[in-house]
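S.K.: Just one file: work16.txt, with compact mmCIF, C-alpha atoms.
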# COMPACT_ATOMS: atom_id res chain seq x y z
CA MET A 1 -53.44 -56.01 12.28
CA GLY A 2 -50.09 -57.05 10.82
CA SER A 3 -51.00 -55.53 7.49
CA VAL A 4 -51.71 -52.24 9.23
CA TRP A 5 -48.22 -52.16 10.76
CA VAL A 6 -46.70 -53.14 7.45
CA GLY A 7 -48.51 -50.26 5.81
CA ARG A 8 -47.36 -47.85 8.50
CA VAL A 9 -43.75 -49.01 8.25
CA ALA A 10 -43.89 -48.75 4.46
CA GLY A 11 -45.32 -45.26 4.78
CA VAL A 12 -42.56 -44.20 7.17
CA ILE A 13 -39.90 -45.64 4.87
CA ALA A 14 -41.43 -43.88 1.89
CA PHE A 15 -41.55 -40.62 3.84
CA ILE A 16 -37.91 -40.95 4.93
CA THR A 17 -36.89 -41.80 1.37
CA SER A 18 -38.67 -38.78 -0.02
CA VAL A 19 -37.12 -36.50 2.62
CA VAL A 20 -33.65 -37.86 1.86
CA GLY A 21 -34.27 -37.33 -1.85
CA VAL A 22 -35.39 -33.76 -1.30
CA CYS A 23 -32.35 -33.08 0.90
CA LYS A 24 -30.00 -34.50 -1.71
CA ARG A 25 -31.58 -32.42 -4.44
CA GLY A 26 -31.38 -29.39 -2.18
CA GLN A 27 -27.71 -30.04 -1.47
CA GLN A 28 -27.02 -30.51 -5.16
CA GLY A 29 -28.87 -27.31 -5.93
CA GLN A 30 -26.98 -25.50 -3.19
CA LEU A 31 -23.68 -26.85 -4.48
CA ALA A 32 -24.61 -25.81 -8.00
CA LEU A 33 -25.51 -22.34 -6.73
CA GLN A 34 -22.24 -22.08 -4.80
CA SER A 35 -20.37 -23.21 -7.90
CA LEU A 36 -22.08 -20.53 -9.98
CA ILE A 37 -21.23 -17.88 -7.39
CA ALA A 38 -17.60 -19.03 -7.28
CA ASN A 39 -17.38 -18.96 -11.08
CA GLU A 40 -18.89 -15.48 -11.20
CA ASN A 41 -16.48 -14.22 -8.54
CA GLY A 42 -13.60 -15.71 -10.49
CA ARG A 43 -14.77 -14.01 -13.67
CA LEU A 44 -15.06 -10.67 -11.87
CA MET A 45 -11.56 -11.03 -10.41
CA VAL A 46 -10.19 -11.60 -13.92
CA LEU A 47 -11.83 -8.33 -15.01
CA TYR A 48 -10.60 -6.53 -11.88
CA ARG A 49 -7.04 -7.70 -12.48
CA PHE A 50 -7.23 -6.58 -16.10
CA PHE A 51 -8.43 -3.10 -15.13
CA ASN A 52 -5.81 -3.07 -12.37
CA LEU A 53 -3.19 -3.08 -15.12
CA PHE A 54 -4.15 0.52 -15.82
CA THR A 55 -5.65 1.92 -12.63
CA ASP A 56 -6.23 1.19 -8.96
CA VAL A 57 -9.08 -1.23 -8.29
CA PRO A 58 -10.38 -1.41 -4.68
CA GLN A 59 -11.43 -5.05 -5.11
CA VAL A 60 -7.81 -6.09 -5.70
CA LYS A 61 -6.11 -6.06 -2.32
CA ALA A 62 -2.79 -4.29 -2.06
CA THR A 63 0.29 -6.00 -0.67
CA VAL A 64 3.56 -4.63 0.66
CA LYS A 65 6.95 -6.03 -0.38
CA ARG A 66 10.36 -5.20 1.03
CA ARG A 67 12.32 -5.17 -2.28
CA ARG A 68 15.81 -5.06 -0.79
CA TYR A 69 17.37 -5.01 -4.25
CA LEU A 70 16.11 -1.43 -4.68
CA ASP A 71 17.79 -0.13 -1.50
CA PRO A 72 20.80 1.36 -3.36
CA LEU A 73 18.41 3.22 -5.65
CA TRP A 74 16.39 4.57 -2.72
CA ARG A 75 19.56 5.80 -1.00
CA LEU A 76 20.63 7.50 -4.23
CA VAL A 77 17.24 9.18 -4.64
CA VAL A 78 16.85 10.30 -1.04
CA GLY A 79 20.49 11.34 -0.70
CA ARG A 80 21.14 13.72 2.19
CA SER A 81 17.64 15.17 2.24
CA LYS A 82 16.38 16.13 5.70
CA ASN A 83 12.77 16.00 4.55
CA PRO A 84 11.16 12.87 6.06
CA TYR A 85 8.59 12.81 3.27
CA MET A 86 11.34 12.16 0.76
CA PHE A 87 12.14 8.92 2.55
CA LEU A 88 8.46 8.10 3.13
CA PHE A 89 7.30 8.67 -0.45
CA THR A 90 10.30 6.93 -1.97
CA ARG A 91 10.17 3.85 0.23
CA GLY A 92 6.39 3.71 0.20
CA LEU A 93 6.23 3.91 -3.56
CA GLY A 94 8.73 1.10 -3.93
CA ARG A 95 7.01 -1.18 -1.43
CA ASP A 96 3.40 -0.61 -2.46
CA SER A 97 2.62 -3.45 -4.87
CA ASP A 98 -0.35 -1.69 -6.46
CA THR A 99 1.37 1.58 -7.31
CA PHE A 100 4.77 0.09 -8.10
CA GLY A 101 3.20 -2.64 -10.21
CA LEU A 102 0.99 -0.15 -12.02
CA ILE A 103 3.94 2.07 -12.94
CA THR A 104 5.94 -0.94 -14.09
CA ARG A 105 3.11 -2.33 -16.21
CA LEU A 106 2.32 0.99 -17.88
CA THR A 107 6.00 1.54 -18.63
CA VAL A 108 6.45 -1.94 -20.10
CA ILE A 109 3.25 -1.66 -22.15
CA GLY A 110 4.37 1.71 -23.51
CA MET A 111 7.79 0.31 -24.45
CA LEU A 112 6.24 -2.70 -26.18
CA ILE A 113 3.93 -0.46 -28.23
CA LEU A 114 6.87 1.73 -29.25
CA ILE A 115 8.74 -1.30 -30.57
CA PHE A 116 6.07 -1.85 -33.22
CA LEU A 117 5.60 1.79 -34.23
CA THR A 118 7.57 3.36 -37.05
CA ASN A 119 5.66 6.61 -37.45
CA GLN A 120 7.39 9.32 -35.43
CA TRP A 121 4.26 11.22 -34.47
CA ALA A 122 2.39 8.08 -33.44
CA SER A 123 5.32 7.13 -31.20
CA LEU A 124 5.37 10.61 -29.74
CA VAL A 125 1.65 10.46 -28.93
CA VAL A 126 2.13 7.10 -27.20
CA MET A 127 5.03 8.41 -25.10
CA VAL A 128 3.24 11.61 -24.09
CA LEU A 129 0.07 9.69 -23.22
CA ALA A 130 1.99 7.04 -21.25
CA ILE A 131 3.86 9.67 -19.21
CA TYR A 132 0.59 11.44 -18.46
CA LEU A 133 -1.12 8.21 -17.37
CA ILE A 134 1.77 7.23 -15.11
CA GLY A 135 1.91 10.67 -13.54
CA PHE A 136 -1.86 10.85 -13.14
CA GLN A 137 -1.93 7.48 -11.39
CA LEU A 138 0.83 8.64 -9.04
CA LEU A 139 -0.96 11.78 -7.86
CA PRO A 140 -3.23 10.04 -5.28
CA PHE A 141 -0.09 8.72 -3.56
CA TYR A 142 0.51 12.25 -2.26
CA SER A 143 -2.25 11.79 0.34
CA GLU A 144 -1.42 8.14 1.05
CA TYR A 145 -0.14 8.93 4.56
CA ASP A 146 -2.45 11.78 5.52
CA ASN A 147 -4.47 9.52 7.82
CA LYS A 148 -1.39 8.20 9.61
CA VAL A 149 -1.14 9.79 13.04
CA PHE A 150 2.64 9.94 13.25
CA THR A 151 3.06 11.83 9.98
CA HIS A 152 1.36 14.80 11.64
CA LEU A 153 4.23 14.88 14.13
CA PHE A 154 6.77 15.55 11.38
CA PRO A 155 8.22 19.08 11.63
CA VAL A 156 7.36 19.60 7.97
CA THR A 157 5.10 22.12 6.29
CA LYS A 158 2.63 21.31 3.52
CA SER A 159 4.85 23.07 1.01
CA GLN A 160 7.78 20.84 2.02
CA GLN A 161 5.58 17.76 1.69
CA LEU A 162 4.52 18.87 -1.78
CA ALA A 163 8.13 19.61 -2.74
CA ALA A 164 9.20 16.12 -1.66
CA PHE A 165 6.39 14.53 -3.64
CA LYS A 166 7.24 16.57 -6.73
CA THR A 167 10.86 15.45 -6.45
CA VAL A 168 9.82 11.79 -6.34
CA LEU A 169 7.37 12.39 -9.17
CA THR A 170 10.12 14.01 -11.23
CA ASN A 171 12.47 11.07 -10.66
CA VAL A 172 9.87 8.46 -11.63
CA LEU A 173 8.56 10.24 -14.72
CA SER A 174 12.05 11.17 -15.89
CA LEU A 175 13.14 7.54 -15.66
CA CYS A 176 10.08 6.42 -17.63
CA ALA A 177 10.68 9.13 -20.23
CA VAL A 178 14.31 8.06 -20.66
CA LEU A 179 13.25 4.44 -21.17
CA PHE A 180 10.66 5.45 -23.77
CA VAL A 181 13.14 7.60 -25.68
CA ILE A 182 15.76 4.84 -25.66
CA VAL A 183 13.32 2.29 -27.08
CA ASP A 184 12.01 4.71 -29.70
CA VAL A 185 15.39 5.83 -31.02
CA VAL A 186 16.89 2.34 -30.94
CA VAL A 187 14.04 0.97 -33.05
CA ASN A 188 13.88 4.00 -35.37
CA TRP A 189 17.19 5.83 -35.09
CA SER A 190 17.59 9.40 -36.26
CA TRP A 191 18.99 12.54 -34.67
CA LEU A 192 15.84 14.46 -35.51
CA ARG A 193 13.68 11.84 -33.82
CA LEU A 194 15.87 11.95 -30.71
CA ILE A 195 15.72 15.75 -30.49
CA ILE A 196 11.93 15.84 -30.97
CA ASP A 197 11.35 13.08 -28.39
CA VAL A 198 13.55 14.72 -25.76
CA ALA A 199 12.09 18.19 -26.35
CA ALA A 200 8.47 17.01 -26.27
CA LEU A 201 8.83 14.88 -23.15
CA ALA A 202 10.87 17.53 -21.35
CA LEU A 203 8.14 20.07 -22.07
CA GLU A 204 5.49 17.65 -20.84
CA LEU A 205 7.39 17.02 -17.60
CA VAL A 206 7.78 20.74 -16.96
CA ILE A 207 4.06 21.35 -17.49
CA PHE A 208 2.86 18.26 -15.63
CA ILE A 209 5.15 18.55 -12.60
CA GLY A 210 5.61 22.30 -12.49
CA TRP A 211 1.97 23.28 -12.93
CA TYR A 212 -0.58 20.49 -13.36
CA SER A 213 0.39 18.30 -10.39
CA GLY A 214 0.37 21.21 -7.93
CA TRP A 215 -2.95 22.50 -9.25
CA ARG A 216 -4.50 19.03 -9.15
CA LEU A 217 -3.30 18.26 -5.62
CA ARG A 218 -4.43 21.61 -4.24
CA LYS A 219 -7.80 21.12 -5.91
CA SER A 220 -8.26 17.69 -4.33
Could you rewrite the structure in this file as structure tokens?

M.R.:
Amino acid sequence: MGSVWVGRVAGVIAFITSVVGVCKRGQQGQLALQSLIANENGRLMVLYRFFNLFTDVPQVKATVKRRRYLDPLWRLVVGRSKNPYMFLFTRGLGRDSDTFGLITRLTVIGMLILIFLTNQWASLVVMVLAIYLIGFQLLPFYSEYDNKVFTHLFPVTKSQQLAAFKTVLTNVLSLCAVLFVIVDVVVNWSWLRLIIDVAALALELVIFIGWYSGWRLRKS
């Protein structure tokens, strides 16, 4: 009789031991799976952040920053304008980390590339392409506030909204163009290079802002 109970107790202990072992292996497997998922998510975020250097990526969450040090610049840009969209686009552009960061990164990358280029036409292609990319990435910002209820209360027509956006676009692209020209002529100084750079970028700004941006925004 005693041997029977011993056998039963041994069987129960063996069963409990096996269950505990299975649970531990399951937990280890679950932890390993969670670790793999975390590693994969981390790898994807690295890729998302890299692509976010050049374009907006929905997976990278946007943040808003006050940037008080830019207040004098905003007041200078807005001036005495009565158009509320001038204030909204200017302030919004400066506070939106995605758009502001994207413009900054593209500008810095373009300037760094220009430092290492000596060929005039290669530098010109880089500048023209960089200005186009910056402007193209700015275009979606035009409709950034269309879904905000209070913007529909503004006593402003669509043409005035577009005019305000084009003014902000002109200021941003002109500043980027000036920075590119300064870097290019400082590294490879010549009057001819300066004249060609200014003429080419001025022509691009006229075409992009005067025609392309309006056509693109009306199309969208």

S.K.: At a cut-off of 10 Å, using all atoms listed in the file, what residues contact Ser143 (chain A)? Leave out same-chain residues fewer than 2 positions from it and give the result as a PyMOL selection string.

M.R.: chain A and resi 139-141+145-148+161+165+217+220

S.K.: Enumerate, in order of chain and increasing residue number, the residues of region 78-117 of chain A with an atom no farther than 9 Å from region 185-209 of chain A, each with its shortest atom pair and distance in Å to one decimal, counting only C-alpha atoms, as JSON lines.

M.R.:
{"residue": "A:Leu114", "atom": "CA", "partner": "A:Val187", "partner_atom": "CA", "distance": 8.2}
{"residue": "A:Ile115", "atom": "CA", "partner": "A:Val187", "partner_atom": "CA", "distance": 6.3}
{"residue": "A:Phe116", "atom": "CA", "partner": "A:Val187", "partner_atom": "CA", "distance": 8.5}
{"residue": "A:Leu117", "atom": "CA", "partner": "A:Val187", "partner_atom": "CA", "distance": 8.6}

S.K.: Of the residues A:Asn171, A:Thr151, A:Ser213, A:Thr107, which is the one nearest to Pro84 (chain A), using all atoms listed in the file?

M.R.: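 For Pro84 (chain A), the nearest of the candidates is A:Thr151.
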
S.K.: Record the distance separating CA of Gly214 (chain A) and CA of Ile134 (chain A), expressed in Å with one decimal.

M.R.: 15.8 Å

S.K.: Nearest to Met111 (chain A) among A:Thr99, A:Val183, A:Lys166, A:Cys176, with distances taken over all atoms listed in the file: which residue is it?

M.R.: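 Closest candidate: A:Val183.
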
S.K.: Quick one: pull the distance between CA of Leu112 (chain A) and CA of Asp184 (chain A), Å, one decimal.

M.R.: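 Separation of CA of Leu112 (chain A) and CA of Asp184 (chain A): 10.0 Å.
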
S.K.: What gap, in Å, lies between CA of Gln120 (chain A) and CA of Arg105 (chain A)?

M.R.: 22.9 Å
